[in-house]
Structure formats: structure tokens, C-alpha cells
Amino acid sequence: MPLINMPEFSGRLLDEFAARGTARIDTPVIQPAAPFLDMAGEDLRRRIFLTESETGESLCLRPEFTIPVCLRHIANATGTPRRYCYLGEVFRQRRDGDNEFYQAGIEDLGEIATASADARAVNDAMQILENLIPGRKLNVTLGDQAVFEAVVKALGLPGGWQKRLIQSFGNNAHLRQLLMTLASPQAVSGLSPELAELLKQDEAALIAHIDRTMQETGYSTNASRSPREIAARLKEKQSLAETRLDGSALLLLSEFLSLEMPLSEASAALAGFADAAGLSMGMALATFEARAEAMADLGVDLTKVTYRAAFGRPLDYYTGLVFEVSRDNAVLAGGGRFDRLMTLLGASEDIPAVGFSLWLDRIEQARAR
């Protein structure tokens with residue numbers, strides 16, 4: 001039985017979902033923890049309520065709906081495209097507000113016309129909130145994980161650095177810290193003088209040293225990695241630590257991250273940035289332009305949507321569009337595209353996916369005001 005009352009507008013919200021051709025889906029409150037720990041991102045991992053089953057399986061209270069809805073879709077072997085809606089309690093530690101609260105949303109799975117599906121997700125979130133909170137100014141902020149990844153890859157950084165930067169997208173403080181490290185690289189700390197010297201020599205000597213040390217300490221019997229794997233990892237860490245992004249490339253990335261403008265101007269600005277910098281942004285830019293056009297076709301006023309190049313959301317599974325709708329600095333809705341998630345969760349084929357969530361307690365507060 002719920003410990004908190006469902007908001008009085010919940011029935012109206014379900015009517016909004018039904019009018020958009022969605023099928024309501026529910027999932028258990030107790031969920032296997034592994035998918036969230038593996039795929040949801042560091043920010044959510046820190047705030048999950050964990051427990052264990054009698055057999056030692058790691059479980060958690062449902063911290064969000066996207067992963068459970070996707071798992072249910074895969075388990076039911078349901079064809080696509082399908083639009084699901086949900087409304088129920090989620091449990092996670094929050095910096096403000098209760099740790100148990102109601103969330104609702106729509107997940108759009110399998111629609112291959114991705115630009116249209118993205119536009120529909122943003123438009124649905126905006127329209128639902130405008131209907132629930134009429135006459136109130138809403139702020140819509142949009143970013144694009146794929147555009148950021150295209151810029152990072154075009155800079156020619158080592159794969160390890162690309163991964164670090166991409167994973168930090170949306171966490172501006174961490175991203176700034178990584179850029180400072182790239183501007184002033186330092187050697188790997190905590191290595192013995194002998195190991196530091198071996199890293200400069202051929203790999204065979206390093207592997208032999210690690211193997212000998214593991215045998216002498218008895219560590220080899222419990223090691224999850226072989227001496228060769230450990231040596232390769234040390235070499236990679238050393239290479240990453242010594243990587244320096246030259247001043248012009250660092251300035252370029254900083255310039256990109258500073259871009260902020262109405263969405264009506266963003267496609268031209270991104271194309272101009274890519275041309276001036278000599279970068280190829282390929283499909284990422286084409287998809288961005290197609291999405292903006294599809295949003296305009298649905299009647300979205302692009303001058304009232306803000307594009308911010310550095311804007312991301314703190315979940316690791318996003319792959320393209322990311323957006324939030326807020327009022328008075330309170331985020332009321334947020335979502336984006338997560339094309340890789342379905343196969344990571346066990347789907348036998350790629351399934352494009354986009355969706356958004358609504359924070360009902362914040363909407364309730366906005367309605368009361």
C-alpha cells in the first residue's frame with residue numbers, strides 16, 4: 001500500500017497518456033539491482049536503496065521506470081514500435097524532497113523515424129505540463145549527447161580519453177576538471193620507482209615483473225586479471241595521464257561547450273562551428289537538424305526552447321537527445337534518447353528508444369502556487 005498519497009491530478013494525467021496511444025505498464029517495486037548499477041550512471045548509483053535476497057542476489061527499491069519498462073518489454077517479446085506509459089512510486093535519495101515520490105512518463109520503443117519520435121517526446125512533455133499548469137511559463141532546455149560525442153571524436157583524442165569525456169557529459173564540474181587535466185597532464189601517481197621505469201621499457205619486462213610480484217605475494221591465486229592484462233592497463237593509464245590536448249583543440253572544445261542559444265538558431269550555429277573548426281559532425285548534425293524541423297512541424301516554438309551544448313542528464317544510457325522542462329528552477333520533466341540500452345539489457349536486436357519522466361510532487365507544488 002502506498003505510503004504517500006497519489007496526486008489528485010493522476011487520473012487526468014492517465015487520460016493524457018491514453019490520448020497519445022500509450023499502453024500503461026506496471027513493474028515490481030523490488031527490482032534486481034545489477035541493471036541500475038551497471039547502466040544508470042554514477043549519480044543514480046549513489047542514491048539507490050539496496051538490499052539482498054535470501055540467496056544473496058542484490059536487489060533495490062525501484063529508483064526509476066525506464067530500465068524496468070525496457071526489461072518488461074524484452075521479457076514479453078513484444079513487437080515494436082510500442083508506446084508505454086507508467087505512473088507509480090520510485091525510491092531514491094534526493095537532495096531536496098522526499099525519498100519516495102510518484103513519477104509518470106512515456107517510453108517510445110522501436111520507432112525508426114527517430115527525429116519524429118524525439119520531437120514527439122519533447123512536444124508531449126511540454127503539452128502535458130501546459131495542460132496541468134495552464135498559463136505558467138515553462139523553460140525548456142535541450143542538449144545532444146551525440147553532437148558532443150561527434151565533437152570529442154573529431155579532436156582525435158585516445159579512446160580512453162574520449163570515453164572519460166563522454167561519460168562526464170552533463171556533469172559540468174567533472175568535465176571542467178578533466179579539461180584542466182588535459183591542459184596540464186601529470187604522470188601516474190603511486191608507482192614504485194622500479195615500476196615507473198619498467199613502464200618506459202618493453203612490455204615483456206613489465207609483464208615479467210608483475211608476474212614475479214604476484215607469485216611472491218600469493219596474489220596470483222586470487223587475481224581476476226592476468227599479468228598481461230594488468231600490464232596493458234598500466235600502460236593505458238600512463239598513456240592517458242601523459243596525453244596533452246594542444247591549446248587550439250582545448251580552446252575549440254571549450255568554445256563548443258559555451259554555445260547556448262534558442263533552438264531556432266542552433267542548427268546553423270553548429271554547422272558554422274563545425275565548418276570554422278574543420279570538424280566533421282556527420283549524422284549527429286543531420287539528426288539534430290531533422291529533429292528541430294520535426295519539432296517545428298508539431299507546432300513547437302523553437303525560439304522558446306534553449307539549446308545548450310554542455311547540457312546533459314546524469315544517466316549513462318542516453319545516446320542523443322536530452323531535455324528538461326522546468327519552472328522556477330524546479331525540473332518538472334526530463335528525458336531523452338537511449339538507443340543502446342535495449343541491447344545492453346538483453347534485446348536480440350537494436351531497438352531505438354526515447355522517453356521522458358514527470359516529477360509529480362513538483363508538478364503538484366507548481367499547481368498549488
# chains A, B, ... in the order shown; residues from 1 in each chain; ligands from 1
>>> residues_around(residues="range 273-289 of chain A", least_positions_apart="4", cutoff="6 Å", atoms="only C-alpha atoms", output="JSON, numbers by chain")
{"A": [146, 147, 150, 267]}
>>> write_last_selection(atoms="N, CA, C and O atoms", output="compact mmCIF listing (two decimals), in the first residue's frame")
# COMPACT_ATOMS: atom_id res chain seq x y z
N ALA A 146 24.91 12.95 -28.74
CA ALA A 146 25.57 12.52 -29.97
C ALA A 146 26.40 13.64 -30.58
O ALA A 146 27.48 13.39 -31.13
N VAL A 147 25.91 14.87 -30.52
CA VAL A 147 26.66 16.01 -31.04
C VAL A 147 27.95 16.19 -30.23
O VAL A 147 29.03 16.40 -30.80
N ALA A 150 30.40 13.53 -31.19
CA ALA A 150 30.99 13.78 -32.51
C ALA A 150 32.13 14.80 -32.42
O ALA A 150 33.17 14.64 -33.07
N SER A 267 20.94 24.92 -35.22
CA SER A 267 21.44 24.12 -36.34
C SER A 267 22.46 24.90 -37.15
O SER A 267 23.54 24.38 -37.49
>>> residues_around(residues="Arg369 in chain A", least_positions_apart="3", cutoff="12 Å", atoms="only C-alpha atoms", output="ChimeraX atom specification")
/A:133-136,327-328,362-366
>>> write_last_selection(atoms="C-alpha atoms", output="PDB file, in the first residue's frame")
ATOM      1  CA  ILE A 133      -0.231  24.015 -15.165  1.00  0.00           C
ATOM      2  CA  PRO A 134      -2.046  26.364 -17.562  1.00  0.00           C
ATOM      3  CA  GLY A 135      -0.836  29.895 -18.031  1.00  0.00           C
ATOM      4  CA  ARG A 136       2.544  29.308 -16.398  1.00  0.00           C
ATOM      5  CA  ARG A 327       9.627  26.136 -13.833  1.00  0.00           C
ATOM      6  CA  ASP A 328      11.134  28.343 -11.113  1.00  0.00           C
ATOM      7  CA  ARG A 362       6.995  19.088  -8.163  1.00  0.00           C
ATOM      8  CA  ILE A 363       4.065  19.435 -10.565  1.00  0.00           C
ATOM      9  CA  GLU A 364       1.714  19.350  -7.553  1.00  0.00           C
ATOM     10  CA  GLN A 365       3.680  22.159  -5.913  1.00  0.00           C
ATOM     11  CA  ALA A 366       3.621  24.209  -9.130  1.00  0.00           C
TER      12      ALA A 366
END
>>> closest_atom_pairs(of="range 245-321 of chain A", to="range 31-50 of chain A", cutoff="8 Å", atoms="only C-alpha atoms", output="CSV")
residue,atom,partner,partner_atom,distance
A:Pro314,CA,A:Asp43,CA,6.0
A:Leu315,CA,A:Gly41,CA,4.8
A:Asp316,CA,A:Gly41,CA,4.6
A:Tyr317,CA,A:Met39,CA,6.1
>>> closest_residue(among="A:Phe91, A:Phe65, A:Phe101, A:Tyr84", to="Leu360 in chain A", atoms="only C-alpha atoms")
A:Phe101
>>> residues_around(residues="range 227-233 of chain A", least_positions_apart="6", cutoff="9 Å", atoms="only C-alpha atoms", output="MDAnalysis selection string")
chainID A and resid 199 203:204 206:211 214 220
>>> write_last_selection(atoms="all heavy atoms", output="compact mmCIF listing (two decimals), in the first residue's frame")
# COMPACT_ATOMS: atom_id res chain seq x y z
N LEU A 199 57.66 0.85 -17.03
CA LEU A 199 56.64 1.34 -17.94
C LEU A 199 57.24 2.00 -19.18
O LEU A 199 56.61 2.07 -20.23
CB LEU A 199 55.72 2.34 -17.23
CG LEU A 199 54.58 1.74 -16.41
CD1 LEU A 199 53.92 2.80 -15.55
CD2 LEU A 199 53.54 1.10 -17.32
N GLU A 203 57.16 -4.13 -23.07
CA GLU A 203 56.06 -4.69 -22.29
C GLU A 203 56.42 -6.02 -21.65
O GLU A 203 55.93 -6.36 -20.57
CB GLU A 203 54.82 -4.84 -23.18
CG GLU A 203 53.54 -5.07 -22.38
CD GLU A 203 52.31 -4.97 -23.26
OE1 GLU A 203 52.41 -4.39 -24.36
OE2 GLU A 203 51.25 -5.47 -22.84
N ALA A 204 57.28 -6.80 -22.29
CA ALA A 204 57.63 -8.12 -21.77
C ALA A 204 58.28 -8.02 -20.38
O ALA A 204 57.97 -8.82 -19.49
CB ALA A 204 58.57 -8.83 -22.74
N LEU A 206 57.85 -5.64 -18.21
CA LEU A 206 56.81 -5.22 -17.27
C LEU A 206 55.94 -6.40 -16.86
O LEU A 206 55.64 -6.59 -15.67
CB LEU A 206 55.95 -4.12 -17.90
CG LEU A 206 54.77 -3.60 -17.08
CD1 LEU A 206 55.25 -2.97 -15.77
CD2 LEU A 206 53.96 -2.58 -17.89
N ILE A 207 55.54 -7.22 -17.82
CA ILE A 207 54.71 -8.40 -17.53
C ILE A 207 55.45 -9.35 -16.61
O ILE A 207 54.89 -9.90 -15.65
CB ILE A 207 54.29 -9.10 -18.84
CG1 ILE A 207 53.36 -8.21 -19.65
CG2 ILE A 207 53.62 -10.44 -18.55
CD1 ILE A 207 53.06 -8.72 -21.05
N ALA A 208 56.74 -9.58 -16.89
CA ALA A 208 57.54 -10.49 -16.08
C ALA A 208 57.65 -9.99 -14.64
O ALA A 208 57.55 -10.77 -13.68
CB ALA A 208 58.94 -10.64 -16.69
N HIS A 209 57.82 -8.68 -14.47
CA HIS A 209 57.90 -8.09 -13.13
C HIS A 209 56.58 -8.27 -12.37
O HIS A 209 56.58 -8.65 -11.19
CB HIS A 209 58.25 -6.61 -13.24
CG HIS A 209 58.16 -5.87 -11.94
ND1 HIS A 209 59.15 -5.94 -10.96
CD2 HIS A 209 57.17 -5.07 -11.42
CE1 HIS A 209 58.79 -5.21 -9.92
NE2 HIS A 209 57.60 -4.67 -10.19
N ILE A 210 55.47 -8.00 -13.04
CA ILE A 210 54.15 -8.14 -12.39
C ILE A 210 53.90 -9.59 -12.03
O ILE A 210 53.42 -9.90 -10.93
CB ILE A 210 53.04 -7.61 -13.32
CG1 ILE A 210 53.20 -6.09 -13.51
CG2 ILE A 210 51.66 -7.92 -12.77
CD1 ILE A 210 52.30 -5.51 -14.58
N ASP A 211 54.25 -10.52 -12.92
CA ASP A 211 54.06 -11.95 -12.67
C ASP A 211 54.87 -12.39 -11.46
O ASP A 211 54.38 -13.13 -10.57
CB ASP A 211 54.47 -12.74 -13.92
CG ASP A 211 54.13 -14.22 -13.79
OD1 ASP A 211 53.12 -14.54 -13.10
OD2 ASP A 211 54.85 -15.07 -14.34
N MET A 214 53.34 -11.02 -8.24
CA MET A 214 52.11 -11.73 -7.90
C MET A 214 52.42 -13.10 -7.31
O MET A 214 51.75 -13.55 -6.36
CB MET A 214 51.22 -11.86 -9.14
CG MET A 214 50.61 -10.54 -9.60
SD MET A 214 49.73 -10.66 -11.18
CE MET A 214 48.30 -11.63 -10.70
N SER A 220 48.49 -14.10 -7.04
CA SER A 220 48.11 -14.67 -8.33
C SER A 220 46.96 -15.66 -8.22
O SER A 220 46.16 -15.81 -9.16
CB SER A 220 49.32 -15.37 -8.97
OG SER A 220 49.80 -16.38 -8.10
>>> closest_residue(among="A:Leu165, A:Val140, A:Ala18, A:Val151", to="Ala330 in chain A", atoms="only C-alpha atoms")
A:Val140
>>> residues_around(residues="Leu263 in chain A", least_positions_apart="4", cutoff="7 Å", atoms="only C-alpha atoms", output="mmCIF file with N, CA, C and O atoms, in the first residue's frame")
data_model
loop_
_atom_site.group_PDB
_atom_site.id
_atom_site.type_symbol
_atom_site.label_atom_id
_atom_site.label_comp_id
_atom_site.auth_asym_id
_atom_site.auth_seq_id
_atom_site.Cartn_x
_atom_site.Cartn_y
_atom_site.Cartn_z
ATOM 1 N N LEU A 302 10.383 27.147 -31.584
ATOM 2 C CA LEU A 302 11.806 26.879 -31.348
ATOM 3 C C LEU A 302 12.523 28.060 -30.706
ATOM 4 O O LEU A 302 13.583 27.876 -30.108
ATOM 5 N N THR A 303 11.945 29.242 -30.808
ATOM 6 C CA THR A 303 12.585 30.406 -30.172
ATOM 7 C C THR A 303 12.446 30.349 -28.655
ATOM 8 O O THR A 303 13.168 31.043 -27.936
ATOM 9 N N VAL A 305 12.703 27.424 -26.938
ATOM 10 C CA VAL A 305 13.455 26.265 -26.458
ATOM 11 C C VAL A 305 14.927 26.638 -26.484
ATOM 12 O O VAL A 305 15.425 27.149 -27.493
ATOM 13 N N THR A 306 15.631 26.430 -25.381
ATOM 14 C CA THR A 306 17.047 26.782 -25.299
ATOM 15 C C THR A 306 17.916 25.564 -25.615
ATOM 16 O O THR A 306 17.752 24.504 -25.000
ATOM 17 N N TYR A 307 18.823 25.722 -26.584
ATOM 18 C CA TYR A 307 19.841 24.692 -26.822
ATOM 19 C C TYR A 307 21.100 25.078 -26.071
ATOM 20 O O TYR A 307 21.594 26.204 -26.194
#
>>> atom_distance(atom1="CA of Thr66 in chain A", atom2="CA of Phe338 in chain A")
9.7 Å
>>> select_by_dssp(residues="range 256-364 of chain A", states="alpha helix (DSSP H)", output="ChimeraX atom specification")
/A:256-257,263-277,282-297,341-344,360-364
>>> residues_around(residues="Met6 in chain A", least_positions_apart="6", cutoff="12 Å", atoms="only C-alpha atoms", output="PyMOL selection string")
chain A and resi 13+87-89+100-104+360-361+364
>>> write_last_selection(atoms="C-alpha atoms", output="PDB file, in the first residue's frame")
ATOM      1  CA  LEU A  13      -2.567  12.504 -16.403  1.00  0.00           C
ATOM      2  CA  LEU A  87       2.655   6.002 -13.110  1.00  0.00           C
ATOM      3  CA  GLY A  88       3.906   4.831  -9.737  1.00  0.00           C
ATOM      4  CA  GLU A  89       6.279   5.314  -6.842  1.00  0.00           C
ATOM      5  CA  GLU A 100       9.719   8.236  -2.003  1.00  0.00           C
ATOM      6  CA  PHE A 101       7.714  10.032  -4.684  1.00  0.00           C
ATOM      7  CA  TYR A 102       5.492   9.476  -7.688  1.00  0.00           C
ATOM      8  CA  GLN A 103       6.825   9.526 -11.225  1.00  0.00           C
ATOM      9  CA  ALA A 104       4.990   9.128 -14.525  1.00  0.00           C
ATOM     10  CA  LEU A 360       4.524  14.573  -9.853  1.00  0.00           C
ATOM     11  CA  ASP A 361       5.361  16.101  -6.469  1.00  0.00           C
ATOM     12  CA  GLU A 364       1.714  19.350  -7.553  1.00  0.00           C
TER      13      GLU A 364
END
>>> select_by_dssp(residues="range 93-126 of chain A", states="strand (DSSP E)", output="ChimeraX atom specification")
/A:100-109
>>> closest_residue(among="A:Leu332, A:Ala115, A:Ala310, A:Ile106", to="Leu253 in chain A", atoms="only C-alpha atoms")
A:Ala310
>>> closest_residue(among="A:Pro68, A:Pro63, A:Ala75, A:Ala113", to="Gly346 in chain A", atoms="only C-alpha atoms")
A:Ala75
>>> atom_distance(atom1="CA of Gly334 in chain A", atom2="CA of Val322 in chain A")
7.6 Å
>>> atom_distance(atom1="CA of Phe148 in chain A", atom2="CA of His174 in chain A")
15.2 Å
>>> closest_residue(among="A:Leu250, A:Phe256, A:Glu16, A:Ile30", to="Ser58 in chain A", atoms="only C-alpha atoms")
A:Ile30
